[in-house]
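Visitor: As input, take input.txt (compact mmCIF, C-alpha atoms):
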# COMPACT_ATOMS: atom_id res chain seq x y z
CA MET A 1244 4.78 7.42 -13.74
CA GLY A 1245 6.47 4.19 -14.57
CA PHE A 1246 10.18 3.45 -14.70
CA ARG A 1247 11.30 -0.14 -15.11
CA VAL A 1248 9.46 -2.15 -12.39
CA LEU A 1249 8.67 1.01 -10.42
CA ARG A 1250 4.99 1.87 -10.99
CA VAL A 1251 4.16 4.56 -8.44
CA MET A 1252 6.23 6.99 -6.38
CA ASN A 1253 3.69 8.89 -4.38
CA ASN A 1254 4.11 11.37 -1.56
CA ASP A 1255 0.97 12.10 0.43
CA ARG A 1256 0.17 14.44 3.27
CA ILE A 1257 -2.87 13.14 5.12
CA ALA A 1258 -4.77 15.51 7.42
CA PRO A 1259 -5.55 14.47 11.02
CA GLY A 1260 -8.32 11.86 11.15
CA LYS A 1261 -8.39 11.49 7.34
CA GLY A 1262 -7.33 8.63 5.12
CA PHE A 1263 -8.24 6.14 2.44
CA GLY A 1264 -11.20 3.81 3.02
CA PRO A 1265 -11.00 0.10 2.18
CA HIS A 1266 -9.82 -0.48 -1.40
CA ALA A 1267 -8.23 -3.39 -3.25
CA HIS A 1268 -4.77 -4.12 -4.62
CA ARG A 1269 -3.56 -6.99 -6.74
CA ASP A 1270 -0.13 -8.07 -7.98
CA MET A 1271 1.82 -5.19 -6.48
CA GLU A 1272 4.61 -4.84 -3.91
CA ILE A 1273 3.67 -1.77 -1.89
CA LEU A 1274 6.22 -0.04 0.34
CA THR A 1275 5.19 2.63 2.82
CA TYR A 1276 7.82 4.95 4.29
CA VAL A 1277 6.57 7.49 6.83
CA LEU A 1278 8.51 10.75 7.25
CA GLU A 1279 6.22 12.45 9.79
CA GLY A 1280 3.27 11.30 11.86
CA HIS A 1281 1.66 7.88 12.09
CA LEU A 1282 -0.45 5.83 9.70
CA LEU A 1283 -3.00 3.23 10.79
CA HIS A 1284 -3.14 0.24 8.42
CA ARG A 1285 -5.87 -2.43 8.41
CA ASP A 1286 -6.26 -5.18 5.86
CA SER A 1287 -8.21 -8.27 4.84
CA MET A 1288 -5.37 -10.51 6.10
CA GLY A 1289 -6.29 -9.31 9.59
CA GLU A 1290 -3.21 -7.13 9.96
CA GLN A 1291 -3.71 -3.94 11.94
CA HIS A 1292 -0.63 -1.80 12.60
CA VAL A 1293 0.50 1.75 13.11
CA VAL A 1294 3.47 2.73 10.95
CA GLY A 1295 5.62 5.69 11.89
CA PRO A 1296 9.02 7.24 11.15
CA ASN A 1297 12.04 4.91 11.17
CA GLU A 1298 9.88 2.01 10.05
CA ILE A 1299 9.20 0.37 6.72
CA GLN A 1300 6.01 -1.43 5.75
CA ALA A 1301 5.99 -3.87 2.85
CA MET A 1302 2.69 -5.30 1.67
CA SER A 1303 2.64 -7.87 -1.10
CA ALA A 1304 -0.85 -7.68 -2.60
CA GLY A 1305 -0.40 -10.87 -4.64
CA SER A 1306 -3.72 -12.57 -5.48
CA GLY A 1307 -5.67 -9.80 -3.72
CA VAL A 1308 -5.78 -7.65 -0.59
CA VAL A 1309 -8.28 -5.08 0.61
CA HIS A 1310 -6.86 -2.48 2.97
CA SER A 1311 -7.53 0.91 4.52
CA GLU A 1312 -5.04 3.56 5.55
CA PHE A 1313 -5.88 6.37 7.94
CA ASN A 1314 -3.98 8.97 9.84
CA ALA A 1315 -3.67 7.41 13.29
CA SER A 1316 -3.78 10.83 14.95
CA GLU A 1317 -6.60 13.36 15.38
CA THR A 1318 -4.13 16.23 15.80
CA GLU A 1319 -0.98 15.79 13.70
CA SER A 1320 -0.79 15.20 9.96
CA VAL A 1321 1.10 12.30 8.41
CA PHE A 1322 3.57 12.70 5.56
CA LEU A 1323 4.62 9.57 3.74
CA TYR A 1324 6.00 8.03 0.60
CA GLN A 1325 4.25 5.08 -0.96
CA ILE A 1326 6.06 3.11 -3.61
CA TRP A 1327 4.53 0.48 -5.89
CA ILE A 1328 6.79 -2.11 -7.48
CA LEU A 1329 5.66 -4.77 -9.95
CA PRO A 1330 6.23 -8.26 -8.55
CA ALA A 1331 8.27 -10.87 -10.44
CA ALA A 1332 5.20 -13.16 -10.59
CA GLU A 1333 1.43 -12.83 -10.45
CA ASP A 1334 -1.05 -14.47 -8.05
CA LEU A 1335 1.41 -14.76 -5.16
CA GLU A 1336 0.19 -15.36 -1.63
CA PRO A 1337 -0.52 -11.95 -0.06
CA SER A 1338 1.79 -11.01 2.81
CA TYR A 1339 2.59 -8.22 5.22
CA GLN A 1340 5.87 -7.14 6.82
CA GLN A 1341 6.82 -4.22 8.99
CA ILE A 1342 10.17 -3.54 10.62
CA ALA A 1343 11.63 -0.74 12.70
CA PHE A 1344 15.21 0.43 12.21
CA ASP A 1345 17.63 2.55 14.17
CA PRO A 1346 17.50 6.04 12.58
CA SER A 1347 21.29 6.37 12.97
CA SER A 1348 21.72 3.37 10.65
CA ARG A 1349 20.80 5.53 7.64
CA ARG A 1350 22.90 8.55 8.62
CA GLY A 1351 25.65 9.10 6.10
CA ARG A 1352 25.08 5.73 4.45
CA LEU A 1353 22.62 3.89 2.25
CA ARG A 1354 20.50 1.74 4.54
CA LEU A 1355 18.92 -1.25 2.76
CA LEU A 1356 15.25 -1.46 3.75
CA ALA A 1357 13.76 -3.75 1.10
CA GLY A 1358 15.22 -6.30 -1.29
CA PRO A 1359 14.68 -9.72 -2.84
CA GLU A 1360 16.38 -11.60 0.00
CA LYS A 1361 17.58 -11.01 3.52
CA ASP A 1362 21.28 -10.68 2.81
CA ARG A 1363 22.41 -8.58 5.75
CA GLU A 1364 22.41 -8.75 9.47
CA GLU A 1365 20.27 -5.63 9.61
CA ALA A 1366 16.47 -5.90 9.72
CA MET A 1367 14.84 -5.36 6.34
CA THR A 1368 11.77 -6.39 4.38
CA VAL A 1369 11.78 -8.91 1.54
CA ILE A 1370 9.92 -8.16 -1.68
CA ASN A 1371 9.02 -10.36 -4.66
CA GLN A 1372 11.19 -8.50 -7.13
CA ASP A 1373 14.90 -8.12 -7.84
CA ALA A 1374 14.79 -4.48 -6.70
CA ARG A 1375 16.47 -2.87 -3.71
CA PHE A 1376 15.31 0.13 -1.71
CA TYR A 1377 17.77 2.17 0.34
CA ALA A 1378 17.31 5.32 2.44
CA ALA A 1379 20.07 7.73 3.44
CA GLU A 1380 20.14 10.89 5.49
CA LEU A 1381 22.98 13.08 4.24
CA GLY A 1382 24.51 16.01 6.10
CA SER A 1383 26.52 18.73 4.35
CA GLN A 1384 29.77 16.74 4.76
CA ASP A 1385 28.36 13.36 3.72
CA MET A 1386 29.07 11.58 0.48
CA VAL A 1387 27.93 8.06 -0.43
CA LYS A 1388 28.57 5.99 -3.52
CA HIS A 1389 26.44 3.26 -5.03
CA ASN A 1390 27.58 0.96 -7.81
CA LEU A 1391 25.00 -0.05 -10.36
CA GLY A 1392 25.46 -3.47 -11.90
CA SER A 1393 25.36 -3.88 -15.66
CA GLU A 1394 21.79 -3.72 -17.00
CA ARG A 1395 20.71 -2.11 -13.73
CA HIS A 1396 18.86 1.18 -13.40
CA ALA A 1397 18.13 3.50 -10.51
CA TRP A 1398 15.49 5.91 -9.32
CA VAL A 1399 16.65 8.59 -6.88
CA GLN A 1400 13.96 10.44 -4.94
CA VAL A 1401 14.66 13.37 -2.62
CA ALA A 1402 12.38 12.91 0.39
CA ARG A 1403 13.67 15.89 2.40
CA GLY A 1404 16.02 18.82 1.84
CA CYS A 1405 18.48 18.82 -1.04
CA VAL A 1406 21.08 16.39 -2.34
CA ASN A 1407 23.53 16.31 -5.20
CA LEU A 1408 23.53 13.33 -7.56
CA ASN A 1409 26.55 12.95 -9.87
CA GLY A 1410 26.92 16.74 -9.98
CA GLN A 1411 23.21 17.44 -10.41
CA SER A 1412 21.49 19.35 -7.65
CA LEU A 1413 18.13 17.86 -6.62
CA SER A 1414 15.55 19.41 -4.30
CA GLU A 1415 12.83 18.01 -2.07
CA GLY A 1416 10.26 16.09 -4.13
CA ASP A 1417 12.56 15.71 -7.14
CA GLY A 1418 13.06 12.30 -8.69
CA ALA A 1419 15.79 11.23 -11.11
CA ALA A 1420 15.69 8.21 -13.41
CA VAL A 1421 19.18 6.82 -13.98
CA SER A 1422 20.26 4.50 -16.79
CA ASN A 1423 23.65 3.81 -18.42
CA GLU A 1424 25.60 4.87 -15.32
CA ARG A 1425 27.87 2.59 -13.32
CA GLU A 1426 28.38 4.75 -10.26
CA LEU A 1427 26.06 7.05 -8.35
CA THR A 1428 27.62 9.66 -6.06
CA LEU A 1429 25.26 11.29 -3.61
CA LYS A 1430 26.36 14.33 -1.63
CA GLY A 1431 24.57 16.16 1.12
CA SER A 1432 24.04 19.90 1.04
CA GLU A 1433 23.72 22.77 3.50
CA GLY A 1434 20.80 21.93 5.76
CA GLY A 1435 21.05 18.24 4.85
CA GLY A 1436 18.59 15.97 3.13
CA GLU A 1437 17.13 12.52 2.91
CA VAL A 1438 17.26 10.46 -0.24
CA LEU A 1439 15.49 7.26 -1.32
CA LEU A 1440 17.40 5.11 -3.78
CA PHE A 1441 15.91 2.27 -5.83
CA ASP A 1442 18.26 -0.14 -7.59
CA LEU A 1443 16.13 -1.68 -10.35
CA PRO A 1444 16.38 -4.43 -12.95
CA MET B 1067 -11.45 -8.93 -21.16
CA SER B 1068 -12.60 -5.85 -19.26
CA PRO B 1069 -12.81 -6.34 -15.51
CA ILE B 1070 -16.13 -7.09 -13.83
CA ASN B 1071 -17.20 -4.37 -11.37
CA VAL B 1072 -18.41 -5.79 -8.07
CA LEU B 1073 -20.16 -3.67 -5.48
CA VAL B 1074 -20.12 -5.13 -1.96
CA ILE B 1075 -22.77 -3.59 0.29
CA PHE B 1076 -22.87 -4.56 3.95
CA TYR B 1077 -24.14 -3.54 7.31
CA SER B 1078 -22.14 -4.23 10.42
CA ARG B 1079 -21.91 -2.86 13.96
CA SER B 1080 -19.44 -5.21 15.62
CA GLY B 1081 -17.22 -5.83 12.58
CA ALA B 1082 -18.21 -9.50 12.10
CA THR B 1083 -20.24 -8.91 8.93
CA GLU B 1084 -17.55 -6.48 7.79
CA THR B 1085 -15.09 -9.42 7.89
CA LEU B 1086 -17.42 -11.44 5.62
CA ALA B 1087 -17.86 -8.48 3.26
CA LEU B 1088 -14.06 -8.03 3.08
CA ALA B 1089 -13.62 -11.74 2.35
CA ALA B 1090 -16.23 -11.62 -0.43
CA ALA B 1091 -14.46 -8.55 -1.87
CA VAL B 1092 -11.08 -10.34 -1.75
CA GLY B 1093 -12.63 -13.29 -3.59
CA ALA B 1094 -13.84 -10.92 -6.30
CA VAL B 1095 -10.36 -9.36 -6.53
CA GLN B 1096 -8.81 -12.84 -6.81
CA ALA B 1097 -11.11 -13.38 -9.82
CA ARG B 1098 -9.64 -10.11 -11.22
CA ALA B 1099 -12.69 -7.95 -10.59
CA SER B 1100 -12.67 -4.30 -9.55
CA ILE B 1101 -14.44 -3.77 -6.24
CA ARG B 1102 -16.14 -1.09 -4.19
CA LEU B 1103 -17.04 -1.64 -0.54
CA ARG B 1104 -19.94 0.36 0.88
CA ARG B 1105 -21.45 0.27 4.35
CA LEU B 1106 -25.16 0.97 4.84
CA PRO B 1107 -25.79 3.95 7.12
CA ASP B 1108 -26.77 3.33 10.75
CA PRO B 1109 -30.50 3.55 11.43
CA ASP B 1110 -29.72 5.32 14.67
CA GLU B 1111 -27.08 8.02 15.08
CA ALA B 1112 -26.32 7.41 18.76
CA VAL B 1113 -23.01 5.58 19.23
CA SER B 1114 -21.25 4.92 22.47
CA SER B 1115 -17.53 5.55 22.16
CA SER B 1116 -16.99 2.05 23.59
CA GLU B 1117 -18.26 0.65 20.28
CA GLU B 1118 -14.80 0.89 18.70
CA ALA B 1119 -15.57 -1.09 15.55
CA LEU B 1120 -18.66 1.02 14.89
CA VAL B 1121 -16.80 4.31 15.37
CA ARG B 1122 -14.06 3.09 13.03
CA MET B 1123 -16.40 1.81 10.31
CA ARG B 1124 -18.36 5.08 10.32
CA LYS B 1125 -15.08 6.84 9.58
CA GLU B 1126 -13.68 4.38 7.04
CA TYR B 1127 -16.71 3.66 4.84
CA VAL B 1128 -19.13 5.71 2.80
CA PRO B 1129 -22.72 4.57 2.11
CA PRO B 1130 -23.62 3.21 -1.33
CA ALA B 1131 -24.60 5.86 -3.88
CA GLU B 1132 -26.65 5.55 -7.07
CA SER B 1133 -23.42 5.95 -9.05
CA ASP B 1134 -22.01 2.84 -7.32
CA VAL B 1135 -25.04 0.78 -8.40
CA LYS B 1136 -24.74 2.07 -11.98
CA TRP B 1137 -21.04 1.20 -11.96
CA ALA B 1138 -21.62 -2.35 -10.73
CA ASP B 1139 -21.97 -5.45 -12.91
CA ALA B 1140 -22.72 -7.51 -9.82
CA ILE B 1141 -23.74 -6.66 -6.27
CA ILE B 1142 -23.00 -8.72 -3.16
CA ILE B 1143 -25.03 -7.87 -0.09
CA ALA B 1144 -23.91 -8.87 3.40
CA LEU B 1145 -26.44 -8.43 6.20
CA ASN B 1146 -26.93 -9.88 9.68
CA GLY B 1147 -23.88 -12.09 9.63
CA THR B 1148 -24.56 -13.76 6.29
CA VAL B 1149 -23.49 -13.06 2.75
CA ALA B 1150 -26.51 -13.37 0.47
CA GLY B 1151 -28.22 -15.43 3.16
CA THR B 1152 -26.00 -18.49 2.95
CA VAL B 1153 -22.42 -17.72 3.88
CA THR B 1154 -21.24 -17.46 7.47
CA ASN B 1155 -17.47 -17.76 7.40
CA PRO B 1156 -14.79 -15.68 5.64
CA GLN B 1157 -13.42 -18.60 3.62
CA ASP B 1158 -16.86 -19.34 2.14
CA ALA B 1159 -17.35 -15.61 1.54
CA THR B 1160 -14.10 -15.54 -0.46
CA SER B 1161 -15.23 -18.39 -2.74
CA TYR B 1162 -18.65 -16.77 -2.97
CA GLY B 1163 -17.06 -13.54 -4.25
CA ARG B 1164 -15.04 -15.47 -6.81
CA ARG B 1165 -18.14 -17.34 -7.98
CA VAL B 1166 -20.16 -14.13 -8.35
CA VAL B 1167 -17.49 -12.75 -10.68
CA THR B 1168 -17.30 -15.97 -12.72
CA ASP B 1169 -21.11 -16.16 -13.02
CA THR B 1170 -21.33 -12.49 -13.99
CA ARG B 1171 -18.65 -12.95 -16.61
CA THR B 1172 -20.47 -15.99 -18.05
CA ALA B 1173 -23.79 -14.11 -18.07
CA LYS B 1174 -22.22 -11.08 -19.78
CA SER B 1175 -20.57 -13.21 -22.45
CA LYS B 1176 -24.04 -14.52 -23.41
CA LEU B 1177 -25.50 -11.03 -23.84
Write out the structure in this file as structure tokens.
Guide:
Amino acid sequence: MGFRVLRVMNNDRIAPGKGFGPHAHRDMEILTYVLEGHLLHRDSMGEQHVVGPNEIQAMSAGSGVVHSEFNASETESVFLYQIWILPAAEDLEPSYQQIAFDPSSRRGRLRLLAGPEKDREEAMTVINQDARFYAAELGSQDMVKHNLGSERHAWVQVARGCVNLNGQSLSEGDGAAVSNERELTLKGSEGGGEVLLFDLP
Amino acid sequence: MSPINVLVIFYSRSGATETLALAAAVGAVQARASIRLRRLPDPDEAVSSSEEALVRMRKEYVPPAESDVKWADAIIIALNGTVAGTVTNPQDATSYGRRVVTDTRTAKSKL
């Protein structure tokens, strides 16, 4: 895929004990959002962390990073989204961030988890691109609105369950590319759902 | 210019040589090469579970295959705590990786 600065929107289910051996990345902002289970991350910067639900990991590959990602558990599988965003500049200093957030902070609202600058009191990660990543868990009664600035685009990804976007019903795994719209209205459905929203240049 | 393919082969039990191999690979990536990291198999299968780094590396890496060697334009070998016999710290290994890519590129341009 490729939509604006969004390069990859990948959902992976990794079996217990399995994973991806050391491999390289360059010039990419890589976000990892875990829905179930735990992922063990190790990289050439010396970072070693376990990432689980209600956390966001942001790795800026910049001039070059080698990392491995393995299921941290020998019994449960891990289900995650990995998102690649092109950085605003090449050859940046590689960096790693990981924050935990209160799961209730994304219930019925769009919770900002990554953006170009820390502009809220809530914990979030900072990426080298003018793109914003929000997550929201929507129950059947929930409705949230998001205004898109002029010349802005959006990618809406349904991580769990079903949601309705501007009258369009979307199911788990569906993604919608949005251009030429000023307002996004997201509604929950019976059984609820979780949506990932990317506000893109 | 098509990227240079660099194969980094190492052997490590404690993880120290792995750190050098990773640094050499990062240097190659900084020079815009594609890399593959391969760990040589252990001569002896017995591992005590206390050897955490060894258990982990056995899981994370695969040994080099003939296809890796065919793929490679350049090969960096890290054994016994040195990269190609001269490098002993990660920073030097990073510049070594970059230099290997530059030298390979120069050599290829003369072919």
Visitor: Just how far from atom CA of Asn1371 of chain A is atom CA of Val1401 of chain A, in Å to one decimal?
Guide: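 Atom CA of Asn1371 of chain A lies at a distance of 24.5 Å from atom CA of Val1401 of chain A.
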Visitor: Could you tell me how far atom CA of Ala1091 of chain B lies from atom CA of Met1288 of chain A, in Å and to one decimal?
Guide: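 Computing the Euclidean distance for atom CA of Ala1091 of chain B and atom CA of Met1288 of chain A yields 12.2 Å.
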Visitor: Please return the centre and edge lengths, in Å to one decimal, of a box with edges along x, y and z that contains all listed atoms of segment 1102-1110 of chain B, widened by 4 Å on every side, as lines of an AutoDock Vina configuration file.
Guide:
center_x = -23.3
center_y = 1.8
center_z = 5.2
size_x = 22.4
size_y = 15.0
size_z = 26.9
Visitor: With distances taken over all atoms listed in the file, which of B:Asn1155, B:Phe1076, B:Thr1085, B:Thr1170 is nearest to Val1128 of chain B?
Guide: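 Checking each candidate against Val1128 of chain B, we get B:Phe1076 as the closest.
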Visitor: Looking at A:Gln1372, A:Gln1411, A:Ser1311, A:Ser1348, which one is nearest to chain B, with distances taken over all atoms listed in the file?
Guide: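 Smallest separation from chain B among the options: A:Ser1311.
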Visitor: Separation of atom CA of Ile1370 of chain A and atom CA of Phe1344 of chain A, in Å?
Guide: 17.2 Å
Visitor: With chain B as the partner and 7 Å as the cut-off, tabulate the residues of chain A that qualify, each row holding the nearest pair of atoms and their distance in Å to one decimal, using all atoms listed in the file, sorted by chain and rising number, as CSV.
Guide:
residue,atom,partner,partner_atom,distance
A:Gly1264,CA,B:Glu1126,CA,4.8
A:Pro1265,CA,B:Leu1103,CA,6.8
A:His1266,CA,B:Arg1102,CA,6.9
A:Ala1267,CA,B:Ile1101,CA,6.9
A:Ser1287,CA,B:Leu1088,CA,6.1
A:Ser1306,CA,B:Gln1096,CA,5.3
A:Gly1307,CA,B:Gln1096,CA,5.4
A:Val1308,CA,B:Val1092,CA,6.1
A:Val1309,CA,B:Val1092,CA,6.4
Visitor: Have a look at B:Ser1133, B:Asp1139, B:Ala1144, B:Val1167 and name the one nearest to Ser1078 of chain B; count only C-alpha atoms.
Guide: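 Result for the nearest residue to Ser1078 of chain B: B:Ala1144.
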Visitor: Might you pull out every residue within 10 Å of Pro1330 of chain A, with only C-alpha atoms counted and same-chain residues fewer than 4 positions away left off, and present them as an MDAnalysis selection string?
Guide: chainID A and resid 1248:1249 1270:1273 1303:1305 1334:1335 1370:1374
Visitor: Find the residues around Ala1343 of chain A up to 9 Å (only C-alpha atoms counted), leave out those fewer than 2 positions away in its own chain, and share them as JSON, numbers by chain.
Guide: {"A": [1295, 1296, 1297, 1298, 1299, 1300, 1341, 1345, 1346, 1366, 1367]}
